Amino acid sequence: MYSDLNDVRLMQVGQGDWLSWIFFIMFIMIMQFYANRLQAQIWISEISRALSKLEEYSNDSARKFVEEASKYGRSQEEVKSIYSKVKGFFLIEPVTLDPYGAVRRLEHLLNTMRDHLNALMRDIAPNADSWKRSNLRDQMASALTLDMIYRIIRHYFILGRKTQNLIYIAQIQMLLPEIMRIAKAYWKAGDAFRLGVPIGDGIGPLVALKLMNGVESTEIAENIVGAEVDIEGRRVMVIKAKGPGSEVGRPGLAIERIVESREGKVSLIITIDAASKLEGEPTAEIAEGIGAAIGDPGPEKYKIEEVATKYAIPLHAIAIKEDQLDAITSMSEEIARSVDEVIGRVRATILSKTLPGDYVIVAGIGNTMGIGNRMGVHEHV
Amino acid sequence: MSEEKKKIPIGFYLLWIASLAGILIISVVFLYLGFTGLSGSNMGESILNVVMGIAGLGIAAKVGYDMLRTRTSFKEETFEVLSELKCENCGEKIVRNFKEGDFVGTISEGDKCPKCQQPALIVSIYSRTPKGKEKRY
């Protein structure tokens, strides 16, 4: 009995093994003074590796763009020289301190930017057709985005190392998986634009094309085509961006023109677009709602809402859920397979909300790369 | 600037390896003390030593894994882009690899229906990731 109690006492005071105590105290001291520093160094090493990968992505995208663009009338050196001048290209958003006319000013800036980039592409690839030029423009845009991501991460990384500020380093390290996911998506997007493969954002135009079927389409607004089809006695004007180049066009302007040309005699406007899914939601899930389903910076959506409000036209929206990154990379099989179901929803909505003889607008919103303007065409464009 | 970001001091890796070795040695010592003491009278302290030794090995494994993770490169995802064609005459479906110039809605003159030899219409273009090749960061 006495012996047992003595053992417990010895264990409690730690006299049994002084070596263990020395190790333990040393360990605690090291951890006390160097744990944060060690952790910071581990994180810095991880960020450094990621930064190297970001640089690879950025350089690879730029190299592929230069190689591709140089096939259309300029040498690689010339294209490289122009590209290096475009690096860091930016758009300054209009001042919203006084919000009056902000949308109109933003629209003007976006038009100017589009014209500027198109002129630049004519300079870089003078022998390319309009289809290839628009693909090249967006391929360049993805390379520029990667360059910007790389610069921003490098900025915080160097700042963190200079100041040894654990907050800077921890913030990047924790965001690293998401940053790398986005960067990889832009890197893959460059390949999609180079080849002209439909991207996830193209589900709206794909649905519109299938609805148009073989009907000849005409240009309604800048890079927007439309065809009138009959659905159960309703006259349905289906519009989409003009393909198969990488274009989103100006669907807001097109809808405004159609409605104004009919003096508001439109019974329903349906917009179909890809929408960001929440984590856990299945890809290609279809959701319906009210409003204008369009993810533009503002002006096009504003035009749709404005003209619909002016003539009290109901706005119905159909969204195809997908990961934000699926939207900019080649269209996945499950998204492509959802087309028939979306068409079914469009038909059901038209039948339930309109009467025979009514006029309906269906707009397939999104990038139409790799998607033509009519089913069954033989020609190149 | 890009050179600056790549400069990870060699001392950092030496410190890392030294830490790993130190933790391993301490863990082994604890385990040795623990297991040799189990047969003795001081059972409680021996169990404590074994627990500390196992915990130390766990920490060493984590440190080693972190070091390896930073050294290994990111794996890239492989995927294939396919064009799906449909014969306008008999409705036969053909799936083949995407070719530059393909777009949805065009009749591919180069692809004839295996059944009736009529040109086929491209009805869909999509990408597919082979099973088990999905990318993990």
# chains A, B, ... in the order shown; residues from 1 in each chain; ligands from 1
$ residues_around --residues "Tyr13 in chain B" --least-positions-apart "5" --cutoff "10 Å" --atoms "only C-alpha atoms" --output "ChimeraX atom specification"
/A:41-42,45 /B:8,18-19,67
$ write_last_selection --atoms "all heavy atoms" --output "JSON list (two decimals), in the first residue's frame"
[["chain", "number", "residue", "atom", "x", "y", "z"],
["A", 41, "GLN", "N", 7.51, 29.76, -41.96],
["A", 41, "GLN", "CA", 8.43, 29.26, -42.99],
["A", 41, "GLN", "C", 7.78, 28.13, -43.81],
["A", 41, "GLN", "O", 7.97, 28.05, -45.02],
["A", 41, "GLN", "CB", 9.73, 28.75, -42.36],
["A", 41, "GLN", "CG", 10.67, 29.85, -41.89],
["A", 41, "GLN", "CD", 11.11, 30.76, -43.03],
["A", 41, "GLN", "OE1", 11.29, 30.34, -44.16],
["A", 41, "GLN", "NE2", 11.27, 32.05, -42.74],
["A", 42, "ILE", "N", 7.01, 27.29, -43.13],
["A", 42, "ILE", "CA", 6.31, 26.20, -43.84],
["A", 42, "ILE", "C", 5.32, 26.81, -44.83],
["A", 42, "ILE", "O", 5.24, 26.41, -46.00],
["A", 42, "ILE", "CB", 5.59, 25.27, -42.84],
["A", 42, "ILE", "CG1", 6.61, 24.47, -42.02],
["A", 42, "ILE", "CG2", 4.64, 24.31, -43.57],
["A", 42, "ILE", "CD1", 6.03, 23.74, -40.83],
["A", 45, "SER", "N", 7.02, 28.46, -47.79],
["A", 45, "SER", "CA", 7.47, 27.46, -48.75],
["A", 45, "SER", "C", 6.31, 27.00, -49.63],
["A", 45, "SER", "O", 6.46, 26.85, -50.84],
["A", 45, "SER", "CB", 8.06, 26.29, -47.97],
["A", 45, "SER", "OG", 8.39, 25.27, -48.86],
["B", 8, "ILE", "N", 14.32, 30.33, -51.37],
["B", 8, "ILE", "CA", 14.02, 29.73, -50.06],
["B", 8, "ILE", "C", 15.37, 29.36, -49.48],
["B", 8, "ILE", "O", 16.11, 28.57, -50.07],
["B", 8, "ILE", "CB", 13.14, 28.49, -50.22],
["B", 8, "ILE", "CG1", 11.74, 28.89, -50.67],
["B", 8, "ILE", "CG2", 13.06, 27.68, -48.94],
["B", 8, "ILE", "CD1", 10.91, 29.60, -49.64],
["B", 18, "ALA", "N", 16.53, 19.01, -39.37],
["B", 18, "ALA", "CA", 17.05, 18.89, -38.00],
["B", 18, "ALA", "C", 15.90, 18.73, -37.01],
["B", 18, "ALA", "O", 15.97, 17.91, -36.07],
["B", 18, "ALA", "CB", 17.90, 20.11, -37.65],
["B", 19, "SER", "N", 14.83, 19.53, -37.22],
["B", 19, "SER", "CA", 13.66, 19.44, -36.33],
["B", 19, "SER", "C", 13.05, 18.05, -36.41],
["B", 19, "SER", "O", 12.71, 17.44, -35.39],
["B", 19, "SER", "CB", 12.60, 20.45, -36.73],
["B", 19, "SER", "OG", 13.13, 21.72, -36.81],
["B", 67, "MET", "N", 6.65, 18.61, -45.48],
["B", 67, "MET", "CA", 7.85, 18.88, -46.26],
["B", 67, "MET", "C", 7.74, 18.24, -47.64],
["B", 67, "MET", "O", 8.03, 18.87, -48.64],
["B", 67, "MET", "CB", 9.08, 18.34, -45.53],
["B", 67, "MET", "CG", 10.40, 18.79, -46.15],
["B", 67, "MET", "SD", 11.77, 18.61, -45.03],
["B", 67, "MET", "CE", 11.85, 16.87, -44.83]]
$ closest_residue --among "A:Glu300, A:Glu232, A:Asp340, A:Asp123" --to "chain B" --atoms "only C-alpha atoms"
A:Asp340
$ closest_atom_pairs --of "range 129-233 of chain A" --to "range 271-293 of chain A" --cutoff "8 Å" --atoms "only C-alpha atoms" --output "tab-separated table"
residue	atom	partner	partner_atom	distance
A:Gly200	CA	A:Ala274	CA	7.4
A:Asp201	CA	A:Ala274	CA	5.6
A:Gly202	CA	A:Ala274	CA	7.7
A:Ile203	CA	A:Ala274	CA	6.4
A:Gly204	CA	A:Asp273	CA	4.8
$ closest_atom_pairs --of "chain A" --to "chain B" --cutoff "8 Å" --atoms "only C-alpha atoms" --output "CSV"
residue,atom,partner,partner_atom,distance
A:Asp7,CA,B:Asn42,CA,6.4
A:Val8,CA,B:Gly44,CA,7.8
A:Met11,CA,B:Glu45,CA,6.0
A:Gly16,CA,B:Glu45,CA,7.9
A:Ser20,CA,B:Phe30,CA,7.5
A:Phe23,CA,B:Ile26,CA,7.4
A:Gln41,CA,B:Phe12,CA,7.4
A:Ile42,CA,B:Asp66,CA,7.7
A:Ser45,CA,B:Thr70,CA,6.6
A:Glu46,CA,B:Thr70,CA,5.4
A:Ser48,CA,B:Lys5,CA,6.5
A:Arg49,CA,B:Thr70,CA,6.6
A:Leu51,CA,B:Lys5,CA,8.0
A:Ser52,CA,B:Lys6,CA,7.7
A:Lys53,CA,B:Phe74,CA,7.8
A:Arg154,CA,B:Lys5,CA,7.5
A:Phe157,CA,B:Lys5,CA,7.8
A:Ile158,CA,B:Lys5,CA,6.9
A:Pro177,CA,B:Tyr137,CA,6.4
A:Met180,CA,B:Tyr137,CA,7.7
A:Arg181,CA,B:Tyr137,CA,7.6
A:Leu195,CA,B:Glu100,CA,5.7
A:Gly196,CA,B:Glu100,CA,7.2
A:Val197,CA,B:Ile125,CA,7.2
A:Pro198,CA,B:Ile125,CA,6.7
A:Leu209,CA,B:Gly105,CA,7.8
A:Pro244,CA,B:Phe103,CA,6.6
A:Ser330,CA,B:Ser127,CA,6.0
A:Met331,CA,B:Tyr126,CA,5.0
A:Ser332,CA,B:Ser127,CA,4.8
A:Glu333,CA,B:Tyr126,CA,5.2
A:Ala336,CA,B:Tyr126,CA,6.5
A:Gly370,CA,B:Phe103,CA,4.4
A:Ile371,CA,B:Val104,CA,4.7
A:Gly372,CA,B:Gly105,CA,5.4
A:Asn373,CA,B:Gly105,CA,7.2
A:Arg374,CA,B:Gly105,CA,5.9
A:Met375,CA,B:Gly105,CA,4.1
A:Gly376,CA,B:Thr106,CA,5.3
A:Val377,CA,B:Thr106,CA,4.8
A:His378,CA,B:Ile107,CA,5.3
A:Glu379,CA,B:Thr106,CA,7.4
A:His380,CA,B:Gly101,CA,7.8
$ closest_residue --among "A:Leu175, A:Ala319, A:Leu19, A:Val229" --to "Ile47 in chain A" --atoms "only C-alpha atoms"
A:Leu175
$ closest_residue --among "A:Arg250, A:Arg234, A:Lys310, A:Lys303" --to "Arg347 in chain A" --atoms "only C-alpha atoms"
A:Arg234
$ residues_around --residues "Leu136 in chain A" --least-positions-apart "3" --cutoff "8 Å" --atoms "only C-alpha atoms" --output "VMD selection string"
chain A and resid 65 68 to 69 121 132 to 133 139 to 140 193 to 194
$ atom_distance --atom1 "CA of Ile17 in chain B" --atom2 "CA of Ala60 in chain B"
10.1 Å
$ residues_around --residues "Ala254 in chain A" --least-positions-apart "5" --cutoff "8 Å" --atoms "only C-alpha atoms" --output "PyMOL selection string"
chain A and resi 220-222+224
$ write_last_selection --atoms "N, CA, C and O atoms" --output "compact mmCIF listing (two decimals), in the first residue's frame"
# COMPACT_ATOMS: atom_id res chain seq x y z
N ILE A 220 -29.77 41.10 -85.11
CA ILE A 220 -30.72 42.05 -84.53
C ILE A 220 -30.00 43.22 -83.88
O ILE A 220 -30.41 44.36 -83.98
N ALA A 221 -28.93 42.92 -83.18
CA ALA A 221 -28.11 43.95 -82.55
C ALA A 221 -26.66 43.50 -82.69
O ALA A 221 -26.39 42.45 -83.29
N GLU A 222 -25.75 44.29 -82.11
CA GLU A 222 -24.33 43.96 -82.25
C GLU A 222 -24.05 42.54 -81.76
O GLU A 222 -24.22 42.24 -80.57
N ILE A 224 -25.65 39.84 -82.05
CA ILE A 224 -26.80 39.07 -81.58
C ILE A 224 -27.65 38.70 -82.79
O ILE A 224 -28.00 39.56 -83.59
$ atom_distance --atom1 "CA of Glu228 in chain A" --atom2 "CA of Ile335 in chain A"
25.4 Å
$ residues_around --residues "Arg137 in chain A" --least-positions-apart "4" --cutoff "12 Å" --atoms "only C-alpha atoms" --output "ChimeraX atom specification"
/A:65-66,68-69,83,86,113-125,128,130-133,141-144,190,193-194,196,245-247
$ select_by_dssp --residues "range 6-127 of chain B" --states "helix (DSSP H, G or I)" --output "VMD selection string"
chain B and resid 6 10 to 38 43 to 71
$ closest_residue --among "A:Leu355, A:Ile269, A:Met29, A:Ile167" --to "Gly233 in chain A" --atoms "only C-alpha atoms"
A:Leu355
$ atom_distance --atom1 "CA of Val95 in chain A" --atom2 "CA of Arg257 in chain A"
28.2 Å
$ select_by_dssp --residues "range 124-358 of chain A" --states "strand (DSSP E or B)" --output "ChimeraX atom specification"
/A:199,218-221,224-231,234-241,268-276,286-290,315-322,330,332
$ write_last_selection --atoms "C-alpha atoms" --output "PDB file, in the first residue's frame"
ATOM      1  CA  ILE A 199     -17.550  26.619 -72.625  1.00  0.00           C
ATOM      2  CA  THR A 218     -30.754  37.470 -88.764  1.00  0.00           C
ATOM      3  CA  GLU A 219     -28.587  39.958 -86.887  1.00  0.00           C
ATOM      4  CA  ILE A 220     -30.719  42.054 -84.534  1.00  0.00           C
ATOM      5  CA  ALA A 221     -28.108  43.954 -82.549  1.00  0.00           C
ATOM      6  CA  ILE A 224     -26.803  39.069 -81.577  1.00  0.00           C
ATOM      7  CA  VAL A 225     -28.822  36.938 -83.977  1.00  0.00           C
ATOM      8  CA  GLY A 226     -32.460  35.953 -83.762  1.00  0.00           C
ATOM      9  CA  ALA A 227     -34.912  33.600 -85.476  1.00  0.00           C
ATOM     10  CA  GLU A 228     -38.664  33.390 -85.135  1.00  0.00           C
ATOM     11  CA  VAL A 229     -40.101  29.944 -84.474  1.00  0.00           C
ATOM     12  CA  ASP A 230     -43.557  28.621 -83.745  1.00  0.00           C
ATOM     13  CA  ILE A 231     -44.235  26.888 -80.450  1.00  0.00           C
ATOM     14  CA  ARG A 234     -47.068  31.240 -80.165  1.00  0.00           C
ATOM     15  CA  ARG A 235     -44.636  33.357 -82.155  1.00  0.00           C
ATOM     16  CA  VAL A 236     -41.336  32.948 -80.352  1.00  0.00           C
ATOM     17  CA  MET A 237     -38.337  35.137 -81.179  1.00  0.00           C
ATOM     18  CA  VAL A 238     -35.257  33.193 -80.071  1.00  0.00           C
ATOM     19  CA  ILE A 239     -32.064  35.223 -79.752  1.00  0.00           C
ATOM     20  CA  LYS A 240     -28.458  34.329 -78.993  1.00  0.00           C
ATOM     21  CA  ALA A 241     -24.965  35.717 -79.463  1.00  0.00           C
ATOM     22  CA  LEU A 268     -43.289  37.189 -72.041  1.00  0.00           C
ATOM     23  CA  ILE A 269     -39.511  37.447 -71.969  1.00  0.00           C
ATOM     24  CA  ILE A 270     -37.569  34.313 -70.961  1.00  0.00           C
ATOM     25  CA  THR A 271     -33.852  34.520 -70.301  1.00  0.00           C
ATOM     26  CA  ILE A 272     -31.718  31.367 -70.043  1.00  0.00           C
ATOM     27  CA  ASP A 273     -28.241  31.546 -68.553  1.00  0.00           C
ATOM     28  CA  ALA A 274     -25.649  29.578 -66.609  1.00  0.00           C
ATOM     29  CA  ALA A 275     -25.689  30.422 -62.890  1.00  0.00           C
ATOM     30  CA  SER A 276     -23.215  29.775 -60.084  1.00  0.00           C
ATOM     31  CA  ILE A 286     -32.110  23.655 -63.510  1.00  0.00           C
ATOM     32  CA  ALA A 287     -33.809  26.375 -61.499  1.00  0.00           C
ATOM     33  CA  GLU A 288     -36.480  28.846 -62.495  1.00  0.00           C
ATOM     34  CA  GLY A 289     -37.241  32.283 -61.178  1.00  0.00           C
ATOM     35  CA  ILE A 290     -38.337  35.793 -61.960  1.00  0.00           C
ATOM     36  CA  LEU A 315     -39.644  38.391 -66.992  1.00  0.00           C
ATOM     37  CA  HIS A 316     -39.028  34.686 -66.481  1.00  0.00           C
ATOM     38  CA  ALA A 317     -35.551  33.314 -65.828  1.00  0.00           C
ATOM     39  CA  ILE A 318     -34.145  29.805 -66.245  1.00  0.00           C
ATOM     40  CA  ALA A 319     -30.771  29.113 -64.684  1.00  0.00           C
ATOM     41  CA  ILE A 320     -28.536  26.112 -65.263  1.00  0.00           C
ATOM     42  CA  LYS A 321     -26.418  25.632 -62.160  1.00  0.00           C
ATOM     43  CA  GLU A 322     -22.708  25.077 -62.588  1.00  0.00           C
ATOM     44  CA  SER A 330     -14.853  23.556 -71.875  1.00  0.00           C
ATOM     45  CA  SER A 332     -18.814  19.348 -69.333  1.00  0.00           C
TER      46      SER A 332
END
$ closest_residue --among "A:Asn213, A:Asn127, A:Thr145, A:Thr112" --to "Gly88 in chain A" --atoms "only C-alpha atoms"
A:Thr145
$ decode --residues "range 193-206 of chain A" --atoms "N, CA, C and O atoms" --output "CSV table (one decimal), in the first residue's frame"
chain,number,residue,atom,x,y,z
A,193,PHE,N,-10.4,28.5,-75.6
A,193,PHE,CA,-10.5,29.6,-76.6
A,193,PHE,C,-9.6,29.4,-77.8
A,193,PHE,O,-9.9,29.8,-78.9
A,194,ARG,N,-8.5,28.8,-77.6
A,194,ARG,CA,-7.5,28.5,-78.7
A,194,ARG,C,-8.2,27.5,-79.7
A,194,ARG,O,-8.1,27.7,-80.9
A,195,LEU,N,-8.8,26.5,-79.1
A,195,LEU,CA,-9.5,25.5,-80.0
A,195,LEU,C,-10.9,25.9,-80.5
A,195,LEU,O,-11.4,25.3,-81.4
A,196,GLY,N,-11.5,26.8,-79.7
A,196,GLY,CA,-12.9,27.2,-80.1
A,196,GLY,C,-13.9,26.2,-79.6
A,196,GLY,O,-14.9,25.9,-80.2
A,197,VAL,N,-13.6,25.6,-78.4
A,197,VAL,CA,-14.5,24.6,-77.8
A,197,VAL,C,-15.6,25.3,-77.0
A,197,VAL,O,-15.3,26.3,-76.3
A,198,PRO,N,-16.9,24.9,-77.1
A,198,PRO,CA,-17.9,25.6,-76.3
A,198,PRO,C,-17.5,25.5,-74.8
A,198,PRO,O,-17.0,24.5,-74.3
A,199,ILE,N,-17.8,26.6,-74.1
A,199,ILE,CA,-17.6,26.6,-72.6
A,199,ILE,C,-18.9,26.5,-71.8
A,199,ILE,O,-19.9,26.7,-72.4
A,200,GLY,N,-18.7,26.3,-70.6
A,200,GLY,CA,-19.9,26.1,-69.7
A,200,GLY,C,-20.9,27.2,-69.8
A,200,GLY,O,-22.2,27.0,-69.8
A,201,ASP,N,-20.4,28.4,-70.0
A,201,ASP,CA,-21.3,29.6,-70.1
A,201,ASP,C,-22.1,29.6,-71.3
A,201,ASP,O,-23.1,30.4,-71.5
A,202,GLY,N,-21.8,28.7,-72.3
A,202,GLY,CA,-22.5,28.7,-73.5
A,202,GLY,C,-23.8,27.9,-73.5
A,202,GLY,O,-24.4,27.7,-74.6
A,203,ILE,N,-24.2,27.4,-72.4
A,203,ILE,CA,-25.4,26.6,-72.3
A,203,ILE,C,-26.6,27.4,-72.8
A,203,ILE,O,-27.5,26.8,-73.5
A,204,GLY,N,-26.7,28.7,-72.5
A,204,GLY,CA,-27.8,29.5,-72.9
A,204,GLY,C,-27.9,29.6,-74.5
A,204,GLY,O,-28.9,29.2,-75.1
A,205,PRO,N,-26.8,30.0,-75.1
A,205,PRO,CA,-26.8,30.0,-76.6
A,205,PRO,C,-27.1,28.6,-77.2
A,205,PRO,O,-27.7,28.5,-78.3
A,206,LEU,N,-26.6,27.5,-76.5
A,206,LEU,CA,-26.8,26.2,-77.0
A,206,LEU,C,-28.3,25.8,-77.0
A,206,LEU,O,-28.8,25.3,-78.0
